[in-house]
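> Provided below: final30.cif, containing mmCIF, C-alpha atoms.
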```
data_target
loop_
_atom_site.label_atom_id
_atom_site.label_comp_id
_atom_site.auth_asym_id
_atom_site.auth_seq_id
_atom_site.Cartn_x
_atom_site.Cartn_y
_atom_site.Cartn_z
CA ALA C 42 -128.13 -55.95 -30.97
CA SER C 43 -125.07 -57.89 -29.85
CA ARG C 44 -121.63 -57.96 -28.29
CA ASP C 45 -120.12 -57.82 -31.78
CA GLN C 46 -121.00 -54.07 -31.77
CA LEU C 47 -123.40 -54.54 -34.69
CA VAL C 48 -127.11 -53.90 -35.07
CA LYS C 49 -128.72 -56.29 -37.55
CA VAL C 50 -132.22 -56.10 -39.01
CA TYR C 51 -133.99 -59.30 -40.11
CA ASP C 52 -137.18 -60.04 -41.99
CA ILE C 53 -138.51 -62.88 -39.86
CA ARG C 54 -141.06 -63.79 -42.52
CA ALA C 55 -138.33 -64.77 -44.94
CA MET C 56 -135.68 -65.33 -42.23
CA LYS C 57 -133.42 -63.01 -44.18
CA GLU C 58 -130.94 -60.40 -43.00
CA LEU C 59 -131.84 -56.97 -44.38
CA CYS C 60 -128.91 -54.91 -43.16
CA SER C 61 -126.01 -54.83 -40.74
CA LEU C 62 -125.34 -51.49 -39.07
CA LYS C 63 -121.98 -50.33 -37.74
CA GLY C 64 -121.70 -47.36 -35.42
CA HIS C 65 -121.08 -48.56 -31.87
CA HIS C 66 -117.58 -49.06 -30.49
CA LYS C 67 -118.75 -51.22 -27.59
CA GLU C 68 -121.36 -53.93 -27.31
CA VAL C 69 -124.93 -52.85 -28.05
CA THR C 70 -127.07 -53.20 -24.92
CA SER C 71 -130.49 -51.84 -25.89
CA ILE C 72 -132.65 -50.95 -28.87
CA ALA C 73 -136.10 -49.41 -29.42
CA TRP C 74 -138.15 -48.90 -32.59
CA HIS C 75 -139.96 -45.63 -33.12
CA PRO C 76 -143.71 -46.13 -32.49
CA LEU C 77 -144.80 -44.29 -35.67
CA TYR C 78 -141.99 -44.59 -38.23
CA GLU C 79 -141.11 -48.19 -38.95
CA SER C 80 -137.68 -47.37 -40.35
CA VAL C 81 -136.52 -45.27 -37.37
CA PHE C 82 -135.07 -46.65 -34.14
CA ALA C 83 -132.52 -45.87 -31.45
CA SER C 84 -129.79 -48.02 -29.92
CA GLY C 85 -127.71 -47.73 -26.76
CA GLY C 86 -124.24 -49.07 -26.02
CA MET C 87 -122.18 -50.36 -23.13
CA ASP C 88 -120.10 -47.15 -23.15
CA GLY C 89 -123.17 -44.90 -22.79
CA THR C 90 -123.32 -43.91 -26.46
CA MET C 91 -126.77 -43.48 -28.04
CA ILE C 92 -127.34 -43.64 -31.81
CA PHE C 93 -130.40 -42.82 -33.93
CA TRP C 94 -130.93 -44.75 -37.16
CA ASN C 95 -133.13 -44.31 -40.22
CA ILE C 96 -132.90 -47.27 -42.57
CA GLY C 97 -135.85 -46.33 -44.79
CA PRO C 98 -135.71 -45.34 -48.48
CA LYS C 99 -134.60 -41.83 -47.54
CA GLY C 100 -132.23 -43.04 -44.86
CA SER C 101 -128.96 -44.96 -44.92
CA GLU C 102 -127.00 -47.59 -43.05
CA GLU C 103 -124.92 -44.84 -41.45
CA PRO C 104 -125.95 -43.40 -38.05
CA GLY C 105 -128.45 -40.56 -38.45
CA ALA C 106 -127.30 -38.97 -35.19
CA ARG C 107 -124.88 -39.98 -32.47
CA ILE C 108 -124.72 -38.83 -28.84
CA PRO C 109 -121.43 -39.90 -27.22
CA PHE C 110 -121.55 -40.15 -23.42
CA ALA C 111 -125.33 -39.83 -23.36
CA HIS C 112 -124.84 -41.77 -20.13
CA ASP C 113 -121.71 -42.43 -18.10
CA MET C 114 -122.27 -46.18 -18.21
CA ALA C 115 -124.21 -48.83 -20.15
CA ILE C 116 -127.69 -47.96 -21.44
CA TRP C 117 -129.75 -50.98 -20.44
CA ASP C 118 -133.19 -49.92 -21.64
CA MET C 119 -134.94 -47.30 -23.77
CA LYS C 120 -138.61 -46.60 -24.50
CA TRP C 121 -140.36 -44.15 -26.84
CA HIS C 122 -143.40 -42.13 -25.85
CA PRO C 123 -146.44 -43.43 -27.83
CA ALA C 124 -146.53 -40.11 -29.70
CA GLY C 125 -142.90 -40.57 -30.72
CA HIS C 126 -141.66 -37.17 -29.57
CA LEU C 127 -139.84 -38.36 -26.43
CA LEU C 128 -137.34 -41.11 -25.74
CA ALA C 129 -136.53 -42.32 -22.22
CA THR C 130 -133.25 -44.09 -21.48
CA ALA C 131 -132.19 -45.97 -18.34
CA SER C 132 -128.55 -46.62 -17.53
CA ASN C 133 -126.26 -48.40 -15.14
CA ASP C 134 -125.17 -44.94 -13.95
CA ARG C 135 -128.49 -44.84 -12.01
CA HIS C 136 -129.96 -42.09 -14.18
CA THR C 137 -133.05 -42.00 -16.33
CA LYS C 138 -132.93 -39.38 -19.08
CA PHE C 139 -135.53 -38.01 -21.46
CA TRP C 140 -134.63 -36.92 -24.98
CA ALA C 141 -136.66 -34.81 -27.41
CA ARG C 142 -136.17 -33.28 -30.84
CA ASN C 143 -136.25 -29.51 -31.24
CA ARG C 144 -139.31 -27.94 -32.72
CA LEU C 145 -139.10 -27.08 -36.39
CA GLY C 146 -136.93 -23.98 -36.83
CA SER C 147 -135.57 -24.09 -33.27
CA HIS C 148 -131.83 -24.02 -32.70
CA ASP C 149 -131.92 -24.63 -28.94
CA GLY C 150 -129.06 -26.84 -27.86
CA LEU C 151 -127.49 -26.70 -31.32
CA GLU C 152 -124.90 -24.04 -30.69
CA GLU C 153 -121.71 -24.68 -32.56
CA GLU C 154 -119.48 -26.74 -30.38
CA VAL C 155 -115.96 -25.45 -29.98
CA GLU C 156 -113.43 -28.23 -30.09
CA ASP C 157 -111.11 -28.17 -27.12
CA ASP C 158 -108.03 -30.07 -28.25
CA ASP C 159 -105.77 -28.87 -25.45
CA ILE C 160 -104.34 -31.88 -23.63
CA LEU C 161 -104.51 -31.41 -19.87
CA LYS C 162 -103.45 -33.46 -16.86
CA ASP C 163 -105.43 -34.00 -13.70
CA GLU C 164 -105.53 -36.31 -10.68
CA MET C 165 -108.22 -38.13 -8.75
CA GLU C 166 -107.81 -39.67 -5.31
CA LEU C 167 -108.69 -43.38 -5.11
CA GLY C 168 -108.05 -44.15 -1.44
CA ASN C 169 -108.20 -47.88 -0.74
CA HIS C 170 -109.89 -48.67 -4.06
CA VAL C 171 -106.87 -48.64 -6.36
CA GLY C 172 -107.41 -52.30 -7.20
CA ILE C 173 -111.06 -51.72 -8.10
CA VAL C 174 -110.19 -49.02 -10.64
CA ILE C 175 -107.34 -51.04 -12.18
CA GLY C 176 -109.39 -54.22 -12.41
CA LYS C 177 -108.15 -57.75 -12.95
CA ARG C 178 -104.95 -57.57 -14.98
CA GLY C 179 -105.77 -53.95 -15.76
CA THR C 180 -108.95 -54.74 -17.69
CA THR C 181 -111.10 -52.01 -16.10
CA ILE C 182 -108.73 -49.12 -16.63
CA ILE C 183 -107.75 -50.28 -20.14
CA ALA C 184 -111.40 -50.44 -21.20
CA MET C 185 -112.02 -46.96 -19.76
CA GLN C 186 -109.04 -45.54 -21.62
CA ARG C 187 -110.23 -46.97 -24.92
CA SER C 188 -113.79 -45.74 -24.50
CA THR C 189 -112.80 -42.20 -23.43
CA GLY C 190 -109.64 -41.71 -25.49
CA THR C 191 -107.57 -40.74 -22.45
CA LYS C 192 -104.32 -41.92 -20.96
CA MET C 193 -104.34 -43.02 -17.32
CA TYR C 194 -101.58 -43.71 -14.85
CA VAL C 195 -102.11 -45.23 -11.42
CA ASP C 196 -99.70 -44.12 -8.70
CA GLN C 197 -100.15 -46.92 -6.19
CA VAL C 198 -97.97 -45.22 -3.57
CA ARG C 199 -99.96 -41.97 -3.51
CA ARG C 200 -103.18 -43.85 -4.38
CA VAL C 201 -104.20 -41.43 -7.11
CA LEU C 202 -105.35 -41.80 -10.70
CA GLN C 203 -103.55 -39.50 -13.11
CA ILE C 204 -105.56 -38.61 -16.23
CA GLU C 205 -104.32 -37.09 -19.47
CA GLY C 206 -106.77 -35.80 -22.08
CA THR C 207 -109.04 -32.90 -22.98
CA GLN C 208 -111.12 -31.27 -20.26
CA LYS C 209 -114.26 -32.99 -21.52
CA GLN C 210 -112.55 -36.38 -21.51
CA ILE C 211 -111.20 -35.83 -18.00
CA ASP C 212 -114.66 -34.87 -16.73
CA VAL C 213 -116.14 -38.05 -18.24
CA VAL C 214 -113.46 -40.22 -16.62
CA LYS C 215 -114.04 -38.63 -13.22
CA LYS C 216 -117.79 -39.23 -13.48
CA ARG C 217 -117.31 -42.87 -14.40
CA VAL C 218 -114.74 -43.55 -11.69
CA SER C 219 -116.90 -41.77 -9.09
CA ALA C 220 -119.91 -43.87 -10.12
CA LEU C 221 -117.80 -47.04 -9.88
CA LEU C 222 -116.52 -46.21 -6.38
CA GLU C 223 -120.00 -45.17 -5.26
CA ARG C 224 -121.37 -48.59 -6.20
CA VAL C 225 -118.50 -50.31 -4.41
CA ASN C 226 -119.08 -48.31 -1.23
CA ASP C 227 -122.87 -48.79 -1.27
CA PRO C 228 -123.79 -52.00 0.62
CA ALA C 229 -127.45 -51.60 -0.38
CA GLY C 230 -126.43 -51.72 -4.02
CA GLY C 231 -124.67 -55.04 -3.60
CA GLY C 232 -121.22 -53.50 -3.90
CA SER C 233 -118.20 -55.17 -2.46
CA VAL C 234 -115.52 -53.46 -0.46
CA GLY C 235 -112.37 -52.81 -2.43
CA VAL C 236 -109.12 -54.52 -1.49
CA PRO C 237 -106.75 -51.95 0.00
CA MET C 238 -103.36 -51.67 -1.64
CA GLY C 239 -101.62 -51.27 1.69
CA ARG C 240 -102.20 -52.13 5.35
CA SER C 241 -102.26 -49.76 8.27
CA ASP C 242 -100.46 -52.25 10.56
CA GLY C 243 -97.16 -51.60 8.83
CA ALA C 244 -97.14 -54.76 6.75
CA SER C 245 -95.89 -54.62 3.19
CA SER C 246 -98.22 -53.45 0.44
CA SER C 247 -99.67 -55.88 -2.08
CA HIS C 248 -99.73 -55.09 -5.79
CA VAL C 249 -102.48 -55.82 -8.26
CA SER C 250 -100.20 -56.37 -11.23
CA SER C 251 -96.56 -57.20 -11.79
CA ASN C 252 -96.49 -54.13 -14.03
CA SER C 253 -96.82 -51.97 -10.92
CA ASN C 254 -93.13 -52.54 -10.17
CA ARG C 255 -92.16 -50.76 -13.36
CA GLY C 256 -91.75 -47.03 -13.48
CA GLY C 257 -91.78 -44.22 -10.95
CA GLY C 258 -92.51 -45.03 -7.37
CA GLY C 259 -94.85 -47.98 -7.58
CA GLY C 260 -97.08 -46.45 -10.21
CA GLY C 261 -98.23 -48.23 -13.32
CA TYR C 262 -99.45 -47.31 -16.78
CA TYR C 263 -102.27 -49.49 -17.96
CA GLY C 264 -103.26 -49.10 -21.59
CA PRO C 265 -102.74 -50.18 -25.17
CA ARG C 266 -99.09 -50.63 -26.09
#
```
When written as structure tokens, how does the structure in this file appear?

Amino acid sequence: ASRDQLVKVYDIRAMKELCSLKGHHKEVTSIAWHPLYESVFASGGMDGTMIFWNIGPKGSEEPGARIPFAHDMAIWDMKWHPAGHLLATASNDRHTKFWARNRLGSHDGLEEEVEDDDILKDEMELGNHVGIVIGKRGTTIIAMQRSTGTKMYVDQVRRVLQIEGTQKQIDVVKKRVSALLERVNDPAGGGSVGVPMGRSDGASSSHVSSNSNRGGGGGGYYGPR
């Protein structure tokens, strides 16, 4: 597992690469082999995506199953139960989750998902943490847009984050931003205090990026051009 977004399998006896698996859209941060089936394993990504693989004779080099947004942030570790029926994942979003397959013939949790393609707009207050959400040269907000498929606009005057996407995408963005601000505001978690975009003593506001001077009222769009 690597930052190149690939999972590679090697035969260390012959020092030979057996296969190279593509499925993650961010760096791969964790991996765990199934305790009983030597061709089955799971992998977790920086964007919270979890993928199940089966590279045996009856499998393929394509993902067997994919769970986008299994976590709101990077999946740092995963472990199978010795019996192989449960998988535990630990993430930077401070959650540990347990995953299990349905019993044979059960359709629980497999209801047909209705695609919601309606594009909505919503806002989220950022307070004094506008700079934290934007990131250095816009890196944080650009990465979040790419991983969630949304468009984001930061209004630095009103100190709000404007989000454009489906309802599910908007909910994911809000969770991720809330988790980011929670870590920043938590001294016990080693977070640092965000740099306010303006001062209460009447002094002029500082801007994170020169792009903030473009467009309506001090706002800025940060994303792929």
> Please indicate the distance in Å from atom CA of Leu167 of chain C to atom CA of Leu222 of chain C, rounded to one decimal place.
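Interatomic distance, atom CA of Leu167 of chain C to atom CA of Leu222 of chain C: 8.4 Å.
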> Please expand the PyMOL selection byres ((chain C and resi 185) around 10) into the concrete residues it hits in this file, giving the result as a PDB file with C-alpha atoms, in the frame of the given file.

```
ATOM      1  CA  ASP C  88    -120.100 -47.150 -23.150  1.00  0.00           C
ATOM      2  CA  VAL C 174    -110.190 -49.020 -10.640  1.00  0.00           C
ATOM      3  CA  ILE C 175    -107.340 -51.040 -12.180  1.00  0.00           C
ATOM      4  CA  THR C 180    -108.950 -54.740 -17.690  1.00  0.00           C
ATOM      5  CA  THR C 181    -111.100 -52.010 -16.100  1.00  0.00           C
ATOM      6  CA  ILE C 182    -108.730 -49.120 -16.630  1.00  0.00           C
ATOM      7  CA  ILE C 183    -107.750 -50.280 -20.140  1.00  0.00           C
ATOM      8  CA  ALA C 184    -111.400 -50.440 -21.200  1.00  0.00           C
ATOM      9  CA  GLN C 186    -109.040 -45.540 -21.620  1.00  0.00           C
ATOM     10  CA  ARG C 187    -110.230 -46.970 -24.920  1.00  0.00           C
ATOM     11  CA  SER C 188    -113.790 -45.740 -24.500  1.00  0.00           C
ATOM     12  CA  THR C 189    -112.800 -42.200 -23.430  1.00  0.00           C
ATOM     13  CA  GLY C 190    -109.640 -41.710 -25.490  1.00  0.00           C
ATOM     14  CA  THR C 191    -107.570 -40.740 -22.450  1.00  0.00           C
ATOM     15  CA  LYS C 192    -104.320 -41.920 -20.960  1.00  0.00           C
ATOM     16  CA  MET C 193    -104.340 -43.020 -17.320  1.00  0.00           C
ATOM     17  CA  VAL C 213    -116.140 -38.050 -18.240  1.00  0.00           C
ATOM     18  CA  VAL C 214    -113.460 -40.220 -16.620  1.00  0.00           C
ATOM     19  CA  ARG C 217    -117.310 -42.870 -14.400  1.00  0.00           C
ATOM     20  CA  VAL C 218    -114.740 -43.550 -11.690  1.00  0.00           C
ATOM     21  CA  GLY C 264    -103.260 -49.100 -21.590  1.00  0.00           C
TER      22      GLY C 264
END
```
> Find the residue from C:Asp118, C:Ser84, C:Gly206, C:Ile72 that sits nearest to Ala106 of chain C; use all atoms listed in the file when measuring.
C:Ser84
> Would you compute the distance between atom CA of Thr207 of chain C and atom CA of Ser219 of chain C? Give it in Å to one decimal.
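We find that atom CA of Thr207 of chain C and atom CA of Ser219 of chain C lie 18.3 Å from each other.
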> Rank nothing, just name the residue among C:Glu164, C:Glu103, C:Asp45, C:Asp134 nearest to Asp212 of chain C, using all atoms listed in the file.
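Looking at the shortest contact to Asp212 of chain C, the residue is C:Glu164.
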> On this file, the PyMOL selection byres ((chain C and resi 91-95) around 6) gives some set of residues; write that set as a list of chain:residue names.
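What the PyMOL selection byres ((chain C and resi 91-95) around 6) grabs from the file is C:Ser80, C:Val81, C:Phe82, C:Ala83, C:Ser84, C:Gly85, C:Thr90, C:Ile96, C:Gly97, C:Gly100, C:Pro104, C:Gly105, C:Ala106, C:Arg107, C:Ile108.
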> Given the point (-136.2, -39.4, -28.8) in the file's coordinates, find the residues that have an atom at most 7 Å from it, counting only C-alpha atoms, and give them as a ChimeraX atom specification.
/C:121,126-128,140-142
> Please put the answer as lines of an AutoDock Vina configuration file: centre and edge lengths, in Å with one decimal, of a box along x, y and z that encloses all listed atoms of segment 190-200 of chain C plus 8 Å on each side.

```
center_x = -103.8
center_y = -43.8
center_z = -14.5
size_x = 27.7
size_y = 22.2
size_z = 38.0
```
> I would like the residues chosen by the PyMOL selection byres ((chain C and resi 200) around 9) on the shown file; could you give them as a list in words?
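Output from the PyMOL selection byres ((chain C and resi 200) around 9), applied to this file: Met165, Glu166, Leu167, Gly168, Asn169, His170, Val171, Val195, Asp196, Gln197, Val198, Arg199, Val201, Leu202, Met238 and Gly260 of chain C.
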> Show me as a ChimeraX atom specification the residues that reach within 12 Å of (-148.9, -39.8, -30.0), counting all atoms listed in the file and using the file's own coordinates.
/C:75-78,121-127
> Taking only C-alpha atoms into account, name the residue in C:Asn133, C:Lys177, C:Phe139, C:Tyr194 that is nearest to Asp163 of chain C.
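Distance minimum relative to Asp163 of chain C lands on C:Tyr194.
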> Could you check how far atom CA of Ala131 of chain C sits from atom CA of Ala220 of chain C, in Å to one decimal?
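Interatomic distance here is 14.9 Å.
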> Mind filling out segment 61-88 of chain C with N, CA and C atoms and sending it as an mmCIF file, in the coordinates of the input?

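As a result, selection06.cif now contains:
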```cif
data_model
loop_
_atom_site.group_PDB
_atom_site.id
_atom_site.type_symbol
_atom_site.label_atom_id
_atom_site.label_comp_id
_atom_site.auth_asym_id
_atom_site.auth_seq_id
_atom_site.Cartn_x
_atom_site.Cartn_y
_atom_site.Cartn_z
ATOM 1 N N SER C 61 -126.884 -54.745 -41.900
ATOM 2 C CA SER C 61 -126.010 -54.830 -40.740
ATOM 3 C C SER C 61 -125.414 -53.447 -40.505
ATOM 4 N N LEU C 62 -125.667 -52.883 -39.343
ATOM 5 C CA LEU C 62 -125.340 -51.490 -39.070
ATOM 6 C C LEU C 62 -124.148 -51.379 -38.133
ATOM 7 N N LYS C 63 -123.171 -50.569 -38.541
ATOM 8 C CA LYS C 63 -121.980 -50.330 -37.740
ATOM 9 C C LYS C 63 -121.977 -48.889 -37.251
ATOM 10 N N GLY C 64 -121.741 -48.710 -35.975
ATOM 11 C CA GLY C 64 -121.700 -47.360 -35.420
ATOM 12 C C GLY C 64 -121.245 -47.355 -33.969
ATOM 13 N N HIS C 65 -121.497 -48.459 -33.269
ATOM 14 C CA HIS C 65 -121.080 -48.560 -31.870
ATOM 15 C C HIS C 65 -119.648 -49.071 -31.779
ATOM 16 N N HIS C 66 -118.947 -48.622 -30.735
ATOM 17 C CA HIS C 66 -117.580 -49.060 -30.490
ATOM 18 C C HIS C 66 -117.500 -49.997 -29.291
ATOM 19 N N LYS C 67 -118.623 -50.228 -28.665
ATOM 20 C CA LYS C 67 -118.750 -51.220 -27.590
ATOM 21 C C LYS C 67 -119.986 -52.039 -27.871
ATOM 22 N N GLU C 68 -120.200 -53.090 -27.078
ATOM 23 C CA GLU C 68 -121.360 -53.930 -27.310
ATOM 24 C C GLU C 68 -122.665 -53.149 -27.213
ATOM 25 N N VAL C 69 -123.638 -53.533 -28.013
ATOM 26 C CA VAL C 69 -124.930 -52.850 -28.050
ATOM 27 C C VAL C 69 -125.831 -53.493 -26.985
ATOM 28 N N THR C 70 -126.346 -52.671 -26.082
ATOM 29 C CA THR C 70 -127.070 -53.200 -24.920
ATOM 30 C C THR C 70 -128.577 -52.973 -24.967
ATOM 31 N N SER C 71 -129.052 -52.097 -25.847
ATOM 32 C CA SER C 71 -130.490 -51.840 -25.890
ATOM 33 C C SER C 71 -130.875 -51.289 -27.259
ATOM 34 N N ILE C 72 -132.155 -51.431 -27.580
ATOM 35 C CA ILE C 72 -132.650 -50.950 -28.870
ATOM 36 C C ILE C 72 -134.152 -50.704 -28.745
ATOM 37 N N ALA C 73 -134.667 -49.713 -29.476
ATOM 38 C CA ALA C 73 -136.100 -49.410 -29.420
ATOM 39 C C ALA C 73 -136.549 -48.807 -30.746
ATOM 40 N N TRP C 74 -137.575 -49.414 -31.337
ATOM 41 C CA TRP C 74 -138.150 -48.900 -32.590
ATOM 42 C C TRP C 74 -139.069 -47.720 -32.306
ATOM 43 N N HIS C 75 -139.063 -46.773 -33.227
ATOM 44 C CA HIS C 75 -139.960 -45.630 -33.120
ATOM 45 C C HIS C 75 -141.403 -46.127 -33.271
ATOM 46 N N PRO C 76 -142.332 -45.613 -32.456
ATOM 47 C CA PRO C 76 -143.710 -46.130 -32.490
ATOM 48 C C PRO C 76 -144.492 -45.760 -33.750
ATOM 49 N N LEU C 77 -144.049 -44.745 -34.494
ATOM 50 C CA LEU C 77 -144.800 -44.290 -35.670
ATOM 51 C C LEU C 77 -144.074 -44.561 -36.985
ATOM 52 N N TYR C 78 -142.760 -44.422 -36.998
ATOM 53 C CA TYR C 78 -141.990 -44.590 -38.230
ATOM 54 C C TYR C 78 -141.234 -45.913 -38.170
ATOM 55 N N GLU C 79 -141.634 -46.836 -39.028
ATOM 56 C CA GLU C 79 -141.110 -48.190 -38.950
ATOM 57 C C GLU C 79 -139.649 -48.325 -39.353
ATOM 58 N N SER C 80 -139.082 -47.295 -39.936
ATOM 59 C CA SER C 80 -137.680 -47.370 -40.350
ATOM 60 C C SER C 80 -136.749 -46.635 -39.372
ATOM 61 N N VAL C 81 -137.302 -46.074 -38.307
ATOM 62 C CA VAL C 81 -136.520 -45.270 -37.370
ATOM 63 C C VAL C 81 -136.428 -46.007 -36.032
ATOM 64 N N PHE C 82 -135.232 -46.064 -35.473
ATOM 65 C CA PHE C 82 -135.070 -46.650 -34.140
ATOM 66 C C PHE C 82 -133.822 -46.073 -33.490
ATOM 67 N N ALA C 83 -133.676 -46.333 -32.207
ATOM 68 C CA ALA C 83 -132.520 -45.870 -31.450
ATOM 69 C C ALA C 83 -131.843 -47.067 -30.806
ATOM 70 N N SER C 84 -130.540 -46.949 -30.578
ATOM 71 C CA SER C 84 -129.790 -48.020 -29.920
ATOM 72 C C SER C 84 -128.855 -47.414 -28.888
ATOM 73 N N GLY C 85 -128.603 -48.169 -27.824
ATOM 74 C CA GLY C 85 -127.710 -47.730 -26.760
ATOM 75 C C GLY C 85 -126.581 -48.720 -26.559
ATOM 76 N N GLY C 86 -125.416 -48.217 -26.149
ATOM 77 C CA GLY C 86 -124.240 -49.070 -26.020
ATOM 78 C C GLY C 86 -123.722 -49.180 -24.609
ATOM 79 N N MET C 87 -122.799 -50.118 -24.431
ATOM 80 C CA MET C 87 -122.180 -50.360 -23.130
ATOM 81 C C MET C 87 -121.422 -49.139 -22.625
ATOM 82 N N ASP C 88 -120.878 -48.325 -23.548
ATOM 83 C CA ASP C 88 -120.100 -47.150 -23.150
ATOM 84 C C ASP C 88 -120.951 -45.903 -22.968
#
```
